[in-house]
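Inspection log for the structure reproduced underneath, given as structure tokens.
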Amino acid sequence: VHIVGISLGGNIGLCLSAKYQNEVKKIVSIGTPIFLQNHLYIRSTLPIYSLFKKYHQKKISLEEISYYDNTGTYKVWPYQSLKELLKIMEETKSILPLIKAKTFVLYSRQDPVVRADSAKFIFDRLTTPAGHRKEIALEEKNHVSINDELAEEIVNFLQAP
């Protein structure tokens, strides 16, 4: 079994890989959140704001509008969903040492949603042998964009012995 997860799907994939250690052979984690941009602010204000509002309206600059419109990225975060995301991010932190599968971590250094140090946190806590881990840092300012070159890298990783 191979798992490819993007964003929250990366957290789910990592958790499944830890739970089903003998079945999952490879995992690709793309833009997986461990830390969000403005993480402390979100964590500290979420309990209060969620009492009064259902959604968090992101602050989007004029330069970012086309990115959000062209990628379908959420312009708002439902508070209940954000609470669940924070829970699975915490769970992901605790299970990383249990992962035995070959792991490929892709992330963007300029991700507007997920802090880049999320990938380092994941990569540094895996107990998968060094030769069975791979990472690629992208320079684009995006969260989960996969181009043809990256798709080929992922396929090659999954097809390799």
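To be explicit about the labels: the chains of the structure tokens are called A, B, and onward in the order shown, and within each one the residues are counted from 1, while ligands get numbers from 1 in the order they are shown.
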
Closest atom pairs, stretch 72-108 of chain A residues within 10 Å of stretch 124-136 of chain A, only C-alpha atoms, as a Markdown table:
| residue | atom | partner | partner_atom | distance |
| --- | --- | --- | --- | --- |
| A:Lys93 | CA | A:Arg125 | CA | 8.4 |
| A:Ser94 | CA | A:Arg125 | CA | 9.4 |
| A:Ile95 | CA | A:Leu126 | CA | 9.0 |
| A:Leu96 | CA | A:Leu126 | CA | 5.4 |
| A:Pro97 | CA | A:Leu126 | CA | 5.0 |
| A:Leu98 | CA | A:Thr127 | CA | 7.0 |
| A:Ile99 | CA | A:Leu126 | CA | 6.3 |
| A:Lys100 | CA | A:Thr128 | CA | 5.1 |
| A:Ala101 | CA | A:Thr128 | CA | 6.6 |
| A:Lys102 | CA | A:His132 | CA | 4.8 |
| A:Thr103 | CA | A:Arg133 | CA | 4.9 |
| A:Phe104 | CA | A:Lys134 | CA | 4.7 |
| A:Val105 | CA | A:Glu135 | CA | 4.6 |
| A:Leu106 | CA | A:Ile136 | CA | 4.9 |
| A:Tyr107 | CA | A:Ile136 | CA | 6.6 |
| A:Ser108 | CA | A:Ile136 | CA | 8.5 |

Using only C-alpha atoms, what does the table of stretch 6-64 of chain A residues within 9 Å of stretch 116-119 of chain A look like, with each row giving the shortest atom pair and its distance in Å to one decimal, sorted by chain and ascending number, as a tab-separated table?
residue	atom	partner	partner_atom	distance
A:Ser29	CA	A:Ala119	CA	8.8
A:Ile30	CA	A:Ala119	CA	8.9
A:Gly31	CA	A:Ala119	CA	7.7
A:Thr32	CA	A:Ser118	CA	7.1
A:Pro33	CA	A:Ser118	CA	5.9
A:Ile34	CA	A:Ser118	CA	4.8
A:Phe35	CA	A:Ser118	CA	5.5
A:Leu36	CA	A:Ser118	CA	8.2

Give me every alpha helix (DSSP H) residue in stretch 1-156 of chain A, going by DSSP on the backbone, as a PDB file with N, CA, C and O atoms, in the first residue's frame.
ATOM      1  N   LEU A   8      -4.025  18.440   4.564  1.00  0.00           N
ATOM      2  CA  LEU A   8      -4.611  17.618   5.624  1.00  0.00           C
ATOM      3  C   LEU A   8      -4.537  16.132   5.261  1.00  0.00           C
ATOM      4  O   LEU A   8      -4.352  15.283   6.126  1.00  0.00           O
ATOM      5  N   GLY A   9      -4.628  15.818   3.980  1.00  0.00           N
ATOM      6  CA  GLY A   9      -4.485  14.424   3.536  1.00  0.00           C
ATOM      7  C   GLY A   9      -3.123  13.854   3.879  1.00  0.00           C
ATOM      8  O   GLY A   9      -2.974  12.643   4.094  1.00  0.00           O
ATOM      9  N   GLY A  10      -2.098  14.714   3.952  1.00  0.00           N
ATOM     10  CA  GLY A  10      -0.772  14.280   4.382  1.00  0.00           C
ATOM     11  C   GLY A  10      -0.774  13.861   5.838  1.00  0.00           C
ATOM     12  O   GLY A  10      -0.164  12.853   6.209  1.00  0.00           O
ATOM     13  N   ASN A  11      -1.476  14.623   6.678  1.00  0.00           N
ATOM     14  CA  ASN A  11      -1.600  14.248   8.093  1.00  0.00           C
ATOM     15  C   ASN A  11      -2.306  12.897   8.216  1.00  0.00           C
ATOM     16  O   ASN A  11      -1.868  12.025   8.973  1.00  0.00           O
ATOM     17  N   ILE A  12      -3.405  12.753   7.483  1.00  0.00           N
ATOM     18  CA  ILE A  12      -4.163  11.498   7.534  1.00  0.00           C
ATOM     19  C   ILE A  12      -3.291  10.345   7.052  1.00  0.00           C
ATOM     20  O   ILE A  12      -3.258   9.276   7.672  1.00  0.00           O
ATOM     21  N   GLY A  13      -2.550  10.564   5.968  1.00  0.00           N
ATOM     22  CA  GLY A  13      -1.668   9.527   5.449  1.00  0.00           C
ATOM     23  C   GLY A  13      -0.577   9.128   6.426  1.00  0.00           C
ATOM     24  O   GLY A  13      -0.284   7.946   6.611  1.00  0.00           O
ATOM     25  N   LEU A  14       0.026  10.108   7.077  1.00  0.00           N
ATOM     26  CA  LEU A  14       1.063   9.810   8.070  1.00  0.00           C
ATOM     27  C   LEU A  14       0.478   9.023   9.242  1.00  0.00           C
ATOM     28  O   LEU A  14       1.083   8.055   9.716  1.00  0.00           O
ATOM     29  N   CYS A  15      -0.706   9.424   9.698  1.00  0.00           N
ATOM     30  CA  CYS A  15      -1.354   8.710  10.809  1.00  0.00           C
ATOM     31  C   CYS A  15      -1.689   7.270  10.412  1.00  0.00           C
ATOM     32  O   CYS A  15      -1.491   6.340  11.196  1.00  0.00           O
ATOM     33  N   LEU A  16      -2.187   7.083   9.190  1.00  0.00           N
ATOM     34  CA  LEU A  16      -2.491   5.729   8.711  1.00  0.00           C
ATOM     35  C   LEU A  16      -1.220   4.887   8.590  1.00  0.00           C
ATOM     36  O   LEU A  16      -1.221   3.700   8.901  1.00  0.00           O
ATOM     37  N   SER A  17      -0.139   5.523   8.137  1.00  0.00           N
ATOM     38  CA  SER A  17       1.130   4.818   7.999  1.00  0.00           C
ATOM     39  C   SER A  17       1.644   4.338   9.355  1.00  0.00           C
ATOM     40  O   SER A  17       2.195   3.245   9.471  1.00  0.00           O
ATOM     41  N   ALA A  18       1.448   5.149  10.386  1.00  0.00           N
ATOM     42  CA  ALA A  18       1.871   4.749  11.732  1.00  0.00           C
ATOM     43  C   ALA A  18       0.977   3.635  12.266  1.00  0.00           C
ATOM     44  O   ALA A  18       1.454   2.701  12.907  1.00  0.00           O
ATOM     45  N   LYS A  19      -0.311   3.719  11.999  1.00  0.00           N
ATOM     46  CA  LYS A  19      -1.261   2.722  12.507  1.00  0.00           C
ATOM     47  C   LYS A  19      -1.105   1.378  11.800  1.00  0.00           C
ATOM     48  O   LYS A  19      -1.199   0.322  12.422  1.00  0.00           O
ATOM     49  N   HIS A  39       0.324  30.496  13.495  1.00  0.00           N
ATOM     50  CA  HIS A  39      -0.124  29.356  14.296  1.00  0.00           C
ATOM     51  C   HIS A  39      -0.531  29.751  15.722  1.00  0.00           C
ATOM     52  O   HIS A  39      -1.597  29.358  16.194  1.00  0.00           O
ATOM     53  N   LEU A  40       0.329  30.499  16.411  1.00  0.00           N
ATOM     54  CA  LEU A  40       0.027  30.866  17.797  1.00  0.00           C
ATOM     55  C   LEU A  40      -1.202  31.764  17.883  1.00  0.00           C
ATOM     56  O   LEU A  40      -2.031  31.609  18.783  1.00  0.00           O
ATOM     57  N   TYR A  41      -1.331  32.677  16.930  1.00  0.00           N
ATOM     58  CA  TYR A  41      -2.503  33.546  16.905  1.00  0.00           C
ATOM     59  C   TYR A  41      -3.780  32.724  16.704  1.00  0.00           C
ATOM     60  O   TYR A  41      -4.760  32.899  17.426  1.00  0.00           O
ATOM     61  N   ILE A  42      -3.751  31.814  15.761  1.00  0.00           N
ATOM     62  CA  ILE A  42      -4.921  30.972  15.481  1.00  0.00           C
ATOM     63  C   ILE A  42      -5.272  30.139  16.710  1.00  0.00           C
ATOM     64  O   ILE A  42      -6.422  30.076  17.130  1.00  0.00           O
ATOM     65  N   ARG A  43      -4.265  29.497  17.286  1.00  0.00           N
ATOM     66  CA  ARG A  43      -4.502  28.635  18.446  1.00  0.00           C
ATOM     67  C   ARG A  43      -5.055  29.425  19.635  1.00  0.00           C
ATOM     68  O   ARG A  43      -5.920  28.946  20.358  1.00  0.00           O
ATOM     69  N   SER A  44      -4.564  30.635  19.830  1.00  0.00           N
ATOM     70  CA  SER A  44      -5.001  31.403  20.998  1.00  0.00           C
ATOM     71  C   SER A  44      -6.358  32.079  20.803  1.00  0.00           C
ATOM     72  O   SER A  44      -7.105  32.250  21.764  1.00  0.00           O
ATOM     73  N   THR A  45      -6.698  32.455  19.587  1.00  0.00           N
ATOM     74  CA  THR A  45      -7.966  33.154  19.365  1.00  0.00           C
ATOM     75  C   THR A  45      -9.123  32.236  18.983  1.00  0.00           C
ATOM     76  O   THR A  45     -10.284  32.614  19.137  1.00  0.00           O
ATOM     77  N   LEU A  46      -8.825  31.057  18.514  1.00  0.00           N
ATOM     78  CA  LEU A  46      -9.863  30.131  18.049  1.00  0.00           C
ATOM     79  C   LEU A  46     -10.945  29.851  19.091  1.00  0.00           C
ATOM     80  O   LEU A  46     -12.142  29.938  18.771  1.00  0.00           O
ATOM     81  N   PRO A  47     -10.599  29.554  20.341  1.00  0.00           N
ATOM     82  CA  PRO A  47     -11.654  29.270  21.324  1.00  0.00           C
ATOM     83  C   PRO A  47     -12.618  30.440  21.531  1.00  0.00           C
ATOM     84  O   PRO A  47     -13.814  30.230  21.727  1.00  0.00           O
ATOM     85  N   ILE A  48     -12.105  31.644  21.455  1.00  0.00           N
ATOM     86  CA  ILE A  48     -12.949  32.821  21.679  1.00  0.00           C
ATOM     87  C   ILE A  48     -13.777  33.143  20.441  1.00  0.00           C
ATOM     88  O   ILE A  48     -14.999  33.268  20.516  1.00  0.00           O
ATOM     89  N   TYR A  49     -13.107  33.266  19.298  1.00  0.00           N
ATOM     90  CA  TYR A  49     -13.816  33.641  18.070  1.00  0.00           C
ATOM     91  C   TYR A  49     -14.872  32.621  17.679  1.00  0.00           C
ATOM     92  O   TYR A  49     -15.923  32.985  17.158  1.00  0.00           O
ATOM     93  N   SER A  50     -14.606  31.356  17.928  1.00  0.00           N
ATOM     94  CA  SER A  50     -15.557  30.317  17.513  1.00  0.00           C
ATOM     95  C   SER A  50     -16.858  30.379  18.313  1.00  0.00           C
ATOM     96  O   SER A  50     -17.857  29.781  17.913  1.00  0.00           O
ATOM     97  N   LEU A  51     -16.864  31.097  19.418  1.00  0.00           N
ATOM     98  CA  LEU A  51     -18.100  31.281  20.174  1.00  0.00           C
ATOM     99  C   LEU A  51     -19.057  32.239  19.463  1.00  0.00           C
ATOM    100  O   LEU A  51     -20.268  32.182  19.652  1.00  0.00           O
ATOM    101  N   PHE A  52     -18.509  33.136  18.643  1.00  0.00           N
ATOM    102  CA  PHE A  52     -19.303  34.196  18.036  1.00  0.00           C
ATOM    103  C   PHE A  52     -19.453  34.094  16.519  1.00  0.00           C
ATOM    104  O   PHE A  52     -20.373  34.665  15.957  1.00  0.00           O
ATOM    105  N   LEU A  62      -4.066  42.194  -2.374  1.00  0.00           N
ATOM    106  CA  LEU A  62      -4.432  42.321  -3.786  1.00  0.00           C
ATOM    107  C   LEU A  62      -3.607  41.393  -4.666  1.00  0.00           C
ATOM    108  O   LEU A  62      -4.107  40.846  -5.643  1.00  0.00           O
ATOM    109  N   GLU A  63      -2.336  41.200  -4.300  1.00  0.00           N
ATOM    110  CA  GLU A  63      -1.464  40.319  -5.074  1.00  0.00           C
ATOM    111  C   GLU A  63      -1.901  38.853  -4.965  1.00  0.00           C
ATOM    112  O   GLU A  63      -1.661  38.059  -5.854  1.00  0.00           O
ATOM    113  N   GLU A  64      -2.525  38.499  -3.863  1.00  0.00           N
ATOM    114  CA  GLU A  64      -2.909  37.105  -3.621  1.00  0.00           C
ATOM    115  C   GLU A  64      -4.281  36.738  -4.179  1.00  0.00           C
ATOM    116  O   GLU A  64      -4.594  35.556  -4.285  1.00  0.00           O
ATOM    117  N   ILE A  65      -5.083  37.707  -4.545  1.00  0.00           N
ATOM    118  CA  ILE A  65      -6.443  37.415  -5.005  1.00  0.00           C
ATOM    119  C   ILE A  65      -6.441  36.440  -6.178  1.00  0.00           C
ATOM    120  O   ILE A  65      -7.208  35.480  -6.188  1.00  0.00           O
ATOM    121  N   SER A  66      -5.591  36.666  -7.157  1.00  0.00           N
ATOM    122  CA  SER A  66      -5.574  35.767  -8.321  1.00  0.00           C
ATOM    123  C   SER A  66      -5.142  34.348  -7.924  1.00  0.00           C
ATOM    124  O   SER A  66      -5.641  33.373  -8.467  1.00  0.00           O
ATOM    125  N   TYR A  67      -4.204  34.243  -6.968  1.00  0.00           N
ATOM    126  CA  TYR A  67      -3.804  32.919  -6.482  1.00  0.00           C
ATOM    127  C   TYR A  67      -5.012  32.171  -5.916  1.00  0.00           C
ATOM    128  O   TYR A  67      -5.269  31.024  -6.253  1.00  0.00           O
ATOM    129  N   TYR A  68      -5.770  32.832  -5.067  1.00  0.00           N
ATOM    130  CA  TYR A  68      -6.937  32.198  -4.454  1.00  0.00           C
ATOM    131  C   TYR A  68      -8.006  31.875  -5.498  1.00  0.00           C
ATOM    132  O   TYR A  68      -8.604  30.804  -5.475  1.00  0.00           O
ATOM    133  N   ASP A  69      -8.223  32.783  -6.432  1.00  0.00           N
ATOM    134  CA  ASP A  69      -9.230  32.557  -7.464  1.00  0.00           C
ATOM    135  C   ASP A  69      -8.823  31.440  -8.416  1.00  0.00           C
ATOM    136  O   ASP A  69      -9.646  30.623  -8.824  1.00  0.00           O
ATOM    137  N   ASN A  70      -7.539  31.370  -8.764  1.00  0.00           N
ATOM    138  CA  ASN A  70      -7.074  30.373  -9.743  1.00  0.00           C
ATOM    139  C   ASN A  70      -6.871  28.981  -9.153  1.00  0.00           C
ATOM    140  O   ASN A  70      -6.910  27.997  -9.882  1.00  0.00           O
ATOM    141  N   THR A  71      -6.622  28.896  -7.854  1.00  0.00           N
ATOM    142  CA  THR A  71      -6.329  27.587  -7.262  1.00  0.00           C
ATOM    143  C   THR A  71      -7.496  26.986  -6.510  1.00  0.00           C
ATOM    144  O   THR A  71      -7.463  25.808  -6.146  1.00  0.00           O
ATOM    145  N   TYR A  79     -14.426  27.561  11.575  1.00  0.00           N
ATOM    146  CA  TYR A  79     -13.774  27.365  12.871  1.00  0.00           C
ATOM    147  C   TYR A  79     -13.826  25.911  13.334  1.00  0.00           C
ATOM    148  O   TYR A  79     -12.852  25.409  13.891  1.00  0.00           O
ATOM    149  N   GLN A  80     -14.937  25.224  13.124  1.00  0.00           N
ATOM    150  CA  GLN A  80     -15.026  23.830  13.554  1.00  0.00           C
ATOM    151  C   GLN A  80     -14.002  22.974  12.803  1.00  0.00           C
ATOM    152  O   GLN A  80     -13.337  22.125  13.394  1.00  0.00           O
ATOM    153  N   SER A  81     -13.854  23.213  11.517  1.00  0.00           N
ATOM    154  CA  SER A  81     -12.859  22.480  10.729  1.00  0.00           C
ATOM    155  C   SER A  81     -11.449  22.812  11.181  1.00  0.00           C
ATOM    156  O   SER A  81     -10.570  21.938  11.220  1.00  0.00           O
ATOM    157  N   LEU A  82     -11.210  24.057  11.513  1.00  0.00           N
ATOM    158  CA  LEU A  82      -9.897  24.475  12.002  1.00  0.00           C
ATOM    159  C   LEU A  82      -9.565  23.782  13.323  1.00  0.00           C
ATOM    160  O   LEU A  82      -8.430  23.354  13.543  1.00  0.00           O
ATOM    161  N   LYS A  83     -10.565  23.632  14.197  1.00  0.00           N
ATOM    162  CA  LYS A  83     -10.354  22.898  15.450  1.00  0.00           C
ATOM    163  C   LYS A  83      -9.937  21.457  15.163  1.00  0.00           C
ATOM    164  O   LYS A  83      -9.021  20.923  15.802  1.00  0.00           O
ATOM    165  N   GLU A  84     -10.602  20.817  14.203  1.00  0.00           N
ATOM    166  CA  GLU A  84     -10.273  19.430  13.852  1.00  0.00           C
ATOM    167  C   GLU A  84      -8.885  19.336  13.229  1.00  0.00           C
ATOM    168  O   GLU A  84      -8.141  18.388  13.490  1.00  0.00           O
ATOM    169  N   LEU A  85      -8.534  20.314  12.402  1.00  0.00           N
ATOM    170  CA  LEU A  85      -7.198  20.340  11.812  1.00  0.00           C
ATOM    171  C   LEU A  85      -6.131  20.433  12.895  1.00  0.00           C
ATOM    172  O   LEU A  85      -5.138  19.694  12.862  1.00  0.00           O
ATOM    173  N   LEU A  86      -6.326  21.307  13.867  1.00  0.00           N
ATOM    174  CA  LEU A  86      -5.346  21.437  14.953  1.00  0.00           C
ATOM    175  C   LEU A  86      -5.206  20.137  15.737  1.00  0.00           C
ATOM    176  O   LEU A  86      -4.100  19.766  16.144  1.00  0.00           O
ATOM    177  N   LYS A  87      -6.303  19.421  15.915  1.00  0.00           N
ATOM    178  CA  LYS A  87      -6.249  18.127  16.619  1.00  0.00           C
ATOM    179  C   LYS A  87      -5.404  17.115  15.855  1.00  0.00           C
ATOM    180  O   LYS A  87      -4.552  16.439  16.437  1.00  0.00           O
ATOM    181  N   ILE A  88      -5.643  16.998  14.543  1.00  0.00           N
ATOM    182  CA  ILE A  88      -4.889  15.995  13.786  1.00  0.00           C
ATOM    183  C   ILE A  88      -3.431  16.412  13.616  1.00  0.00           C
ATOM    184  O   ILE A  88      -2.543  15.565  13.532  1.00  0.00           O
ATOM    185  N   MET A  89      -3.160  17.718  13.620  1.00  0.00           N
ATOM    186  CA  MET A  89      -1.764  18.159  13.584  1.00  0.00           C
ATOM    187  C   MET A  89      -1.036  17.701  14.846  1.00  0.00           C
ATOM    188  O   MET A  89       0.112  17.230  14.776  1.00  0.00           O
ATOM    189  N   GLU A  90      -1.700  17.799  15.998  1.00  0.00           N
ATOM    190  CA  GLU A  90      -1.099  17.326  17.254  1.00  0.00           C
ATOM    191  C   GLU A  90      -0.909  15.811  17.224  1.00  0.00           C
ATOM    192  O   GLU A  90       0.114  15.298  17.664  1.00  0.00           O
ATOM    193  N   GLU A  91      -1.906  15.106  16.712  1.00  0.00           N
ATOM    194  CA  GLU A  91      -1.786  13.650  16.619  1.00  0.00           C
ATOM    195  C   GLU A  91      -0.624  13.266  15.708  1.00  0.00           C
ATOM    196  O   GLU A  91       0.137  12.349  16.007  1.00  0.00           O
ATOM    197  N   THR A  92      -0.486  13.976  14.602  1.00  0.00           N
ATOM    198  CA  THR A  92       0.596  13.685  13.655  1.00  0.00           C
ATOM    199  C   THR A  92       1.957  13.840  14.323  1.00  0.00           C
ATOM    200  O   THR A  92       2.848  13.010  14.138  1.00  0.00           O
ATOM    201  N   LYS A  93       2.127  14.887  15.121  1.00  0.00           N
ATOM    202  CA  LYS A  93       3.401  15.099  15.821  1.00  0.00           C
ATOM    203  C   LYS A  93       3.776  13.878  16.655  1.00  0.00           C
ATOM    204  O   LYS A  93       4.936  13.465  16.687  1.00  0.00           O
ATOM    205  N   SER A  94       2.800  13.297  17.331  1.00  0.00           N
ATOM    206  CA  SER A  94       3.095  12.205  18.261  1.00  0.00           C
ATOM    207  C   SER A  94       3.371  10.868  17.579  1.00  0.00           C
ATOM    208  O   SER A  94       4.038  10.016  18.154  1.00  0.00           O
ATOM    209  N   ILE A  95       2.881  10.672  16.347  1.00  0.00           N
ATOM    210  CA  ILE A  95       3.028   9.346  15.712  1.00  0.00           C
ATOM    211  C   ILE A  95       4.217   9.263  14.755  1.00  0.00           C
ATOM    212  O   ILE A  95       4.543   8.173  14.280  1.00  0.00           O
ATOM    213  N   ASP A 117       8.732  25.021   8.225  1.00  0.00           N
ATOM    214  CA  ASP A 117       9.365  24.183   9.239  1.00  0.00           C
ATOM    215  C   ASP A 117       8.514  22.960   9.601  1.00  0.00           C
ATOM    216  O   ASP A 117       8.984  22.068  10.300  1.00  0.00           O
ATOM    217  N   SER A 118       7.297  22.894   9.093  1.00  0.00           N
ATOM    218  CA  SER A 118       6.482  21.686   9.270  1.00  0.00           C
ATOM    219  C   SER A 118       7.181  20.482   8.628  1.00  0.00           C
ATOM    220  O   SER A 118       7.242  19.407   9.218  1.00  0.00           O
ATOM    221  N   ALA A 119       7.717  20.684   7.428  1.00  0.00           N
ATOM    222  CA  ALA A 119       8.391  19.593   6.722  1.00  0.00           C
ATOM    223  C   ALA A 119       9.633  19.133   7.478  1.00  0.00           C
ATOM    224  O   ALA A 119       9.881  17.928   7.601  1.00  0.00           O
ATOM    225  N   LYS A 120      10.412  20.066   7.988  1.00  0.00           N
ATOM    226  CA  LYS A 120      11.608  19.702   8.766  1.00  0.00           C
ATOM    227  C   LYS A 120      11.212  18.941  10.021  1.00  0.00           C
ATOM    228  O   LYS A 120      11.852  17.953  10.383  1.00  0.00           O
ATOM    229  N   PHE A 121      10.152  19.386  10.679  1.00  0.00           N
ATOM    230  CA  PHE A 121       9.668  18.701  11.871  1.00  0.00           C
ATOM    231  C   PHE A 121       9.320  17.243  11.531  1.00  0.00           C
ATOM    232  O   PHE A 121       9.712  16.323  12.246  1.00  0.00           O
ATOM    233  N   ILE A 122       8.598  17.048  10.452  1.00  0.00           N
ATOM    234  CA  ILE A 122       8.225  15.691  10.021  1.00  0.00           C
ATOM    235  C   ILE A 122       9.481  14.887   9.712  1.00  0.00           C
ATOM    236  O   ILE A 122       9.679  13.787  10.229  1.00  0.00           O
ATOM    237  N   PHE A 123      10.325  15.436   8.849  1.00  0.00           N
ATOM    238  CA  PHE A 123      11.498  14.726   8.367  1.00  0.00           C
ATOM    239  C   PHE A 123      12.439  14.349   9.509  1.00  0.00           C
ATOM    240  O   PHE A 123      12.976  13.239   9.549  1.00  0.00           O
ATOM    241  N   ASP A 124      12.644  15.242  10.467  1.00  0.00           N
ATOM    242  CA  ASP A 124      13.580  15.001  11.568  1.00  0.00           C
ATOM    243  C   ASP A 124      13.076  13.979  12.578  1.00  0.00           C
ATOM    244  O   ASP A 124      13.866  13.411  13.320  1.00  0.00           O
ATOM    245  N   ARG A 125      11.778  13.748  12.626  1.00  0.00           N
ATOM    246  CA  ARG A 125      11.232  12.838  13.628  1.00  0.00           C
ATOM    247  C   ARG A 125      10.915  11.443  13.090  1.00  0.00           C
ATOM    248  O   ARG A 125      10.555  10.552  13.854  1.00  0.00           O
ATOM    249  N   ASP A 148       4.066  18.907 -13.680  1.00  0.00           N
ATOM    250  CA  ASP A 148       4.432  17.653 -14.341  1.00  0.00           C
ATOM    251  C   ASP A 148       5.737  17.070 -13.810  1.00  0.00           C
ATOM    252  O   ASP A 148       5.857  15.861 -13.627  1.00  0.00           O
ATOM    253  N   GLU A 149       6.711  17.936 -13.544  1.00  0.00           N
ATOM    254  CA  GLU A 149       8.008  17.477 -13.040  1.00  0.00           C
ATOM    255  C   GLU A 149       7.856  16.819 -11.664  1.00  0.00           C
ATOM    256  O   GLU A 149       8.417  15.760 -11.397  1.00  0.00           O
ATOM    257  N   LEU A 150       7.081  17.445 -10.785  1.00  0.00           N
ATOM    258  CA  LEU A 150       6.860  16.877  -9.456  1.00  0.00           C
ATOM    259  C   LEU A 150       6.045  15.586  -9.534  1.00  0.00           C
ATOM    260  O   LEU A 150       6.311  14.643  -8.786  1.00  0.00           O
ATOM    261  N   ALA A 151       5.076  15.563 -10.410  1.00  0.00           N
ATOM    262  CA  ALA A 151       4.279  14.346 -10.585  1.00  0.00           C
ATOM    263  C   ALA A 151       5.184  13.191 -11.004  1.00  0.00           C
ATOM    264  O   ALA A 151       5.060  12.069 -10.492  1.00  0.00           O
ATOM    265  N   GLU A 152       6.129  13.464 -11.879  1.00  0.00           N
ATOM    266  CA  GLU A 152       7.083  12.438 -12.317  1.00  0.00           C
ATOM    267  C   GLU A 152       7.974  11.986 -11.150  1.00  0.00           C
ATOM    268  O   GLU A 152       8.241  10.796 -10.991  1.00  0.00           O
ATOM    269  N   GLU A 153       8.425  12.929 -10.317  1.00  0.00           N
ATOM    270  CA  GLU A 153       9.229  12.597  -9.122  1.00  0.00           C
ATOM    271  C   GLU A 153       8.445  11.664  -8.195  1.00  0.00           C
ATOM    272  O   GLU A 153       8.987  10.703  -7.658  1.00  0.00           O
ATOM    273  N   ILE A 154       7.169  11.981  -8.003  1.00  0.00           N
ATOM    274  CA  ILE A 154       6.322  11.169  -7.119  1.00  0.00           C
ATOM    275  C   ILE A 154       6.150   9.772  -7.691  1.00  0.00           C
ATOM    276  O   ILE A 154       6.297   8.778  -6.979  1.00  0.00           O
ATOM    277  N   VAL A 155       5.844   9.676  -8.973  1.00  0.00           N
ATOM    278  CA  VAL A 155       5.658   8.368  -9.622  1.00  0.00           C
ATOM    279  C   VAL A 155       6.953   7.558  -9.527  1.00  0.00           C
ATOM    280  O   VAL A 155       6.934   6.370  -9.216  1.00  0.00           O
ATOM    281  N   ASN A 156       8.100   8.203  -9.794  1.00  0.00           N
ATOM    282  CA  ASN A 156       9.388   7.499  -9.718  1.00  0.00           C
ATOM    283  C   ASN A 156       9.632   6.982  -8.303  1.00  0.00           C
ATOM    284  O   ASN A 156      10.111   5.850  -8.118  1.00  0.00           O
TER     285      ASN A 156
END

*Find, counting only C-alpha atoms, the residue in A:His2, A:Lys53, A:His143, A:Arg115 that gets nearest to A:Pro78.*
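That would be A:Lys53, the residue with the smallest distance to A:Pro78.
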
*Quick one: residues within 8 Å of A:Arg109, only C-alpha atoms counted, chain neighbours fewer than 6 positions away excluded, as JSON, numbers by chain?*
{"A": [115, 116, 137, 138, 139, 140, 141]}

*as a count of residues only, which residues of stretch 81-148 of chain A does DSSP assign to strand (DSSP E)?*
13
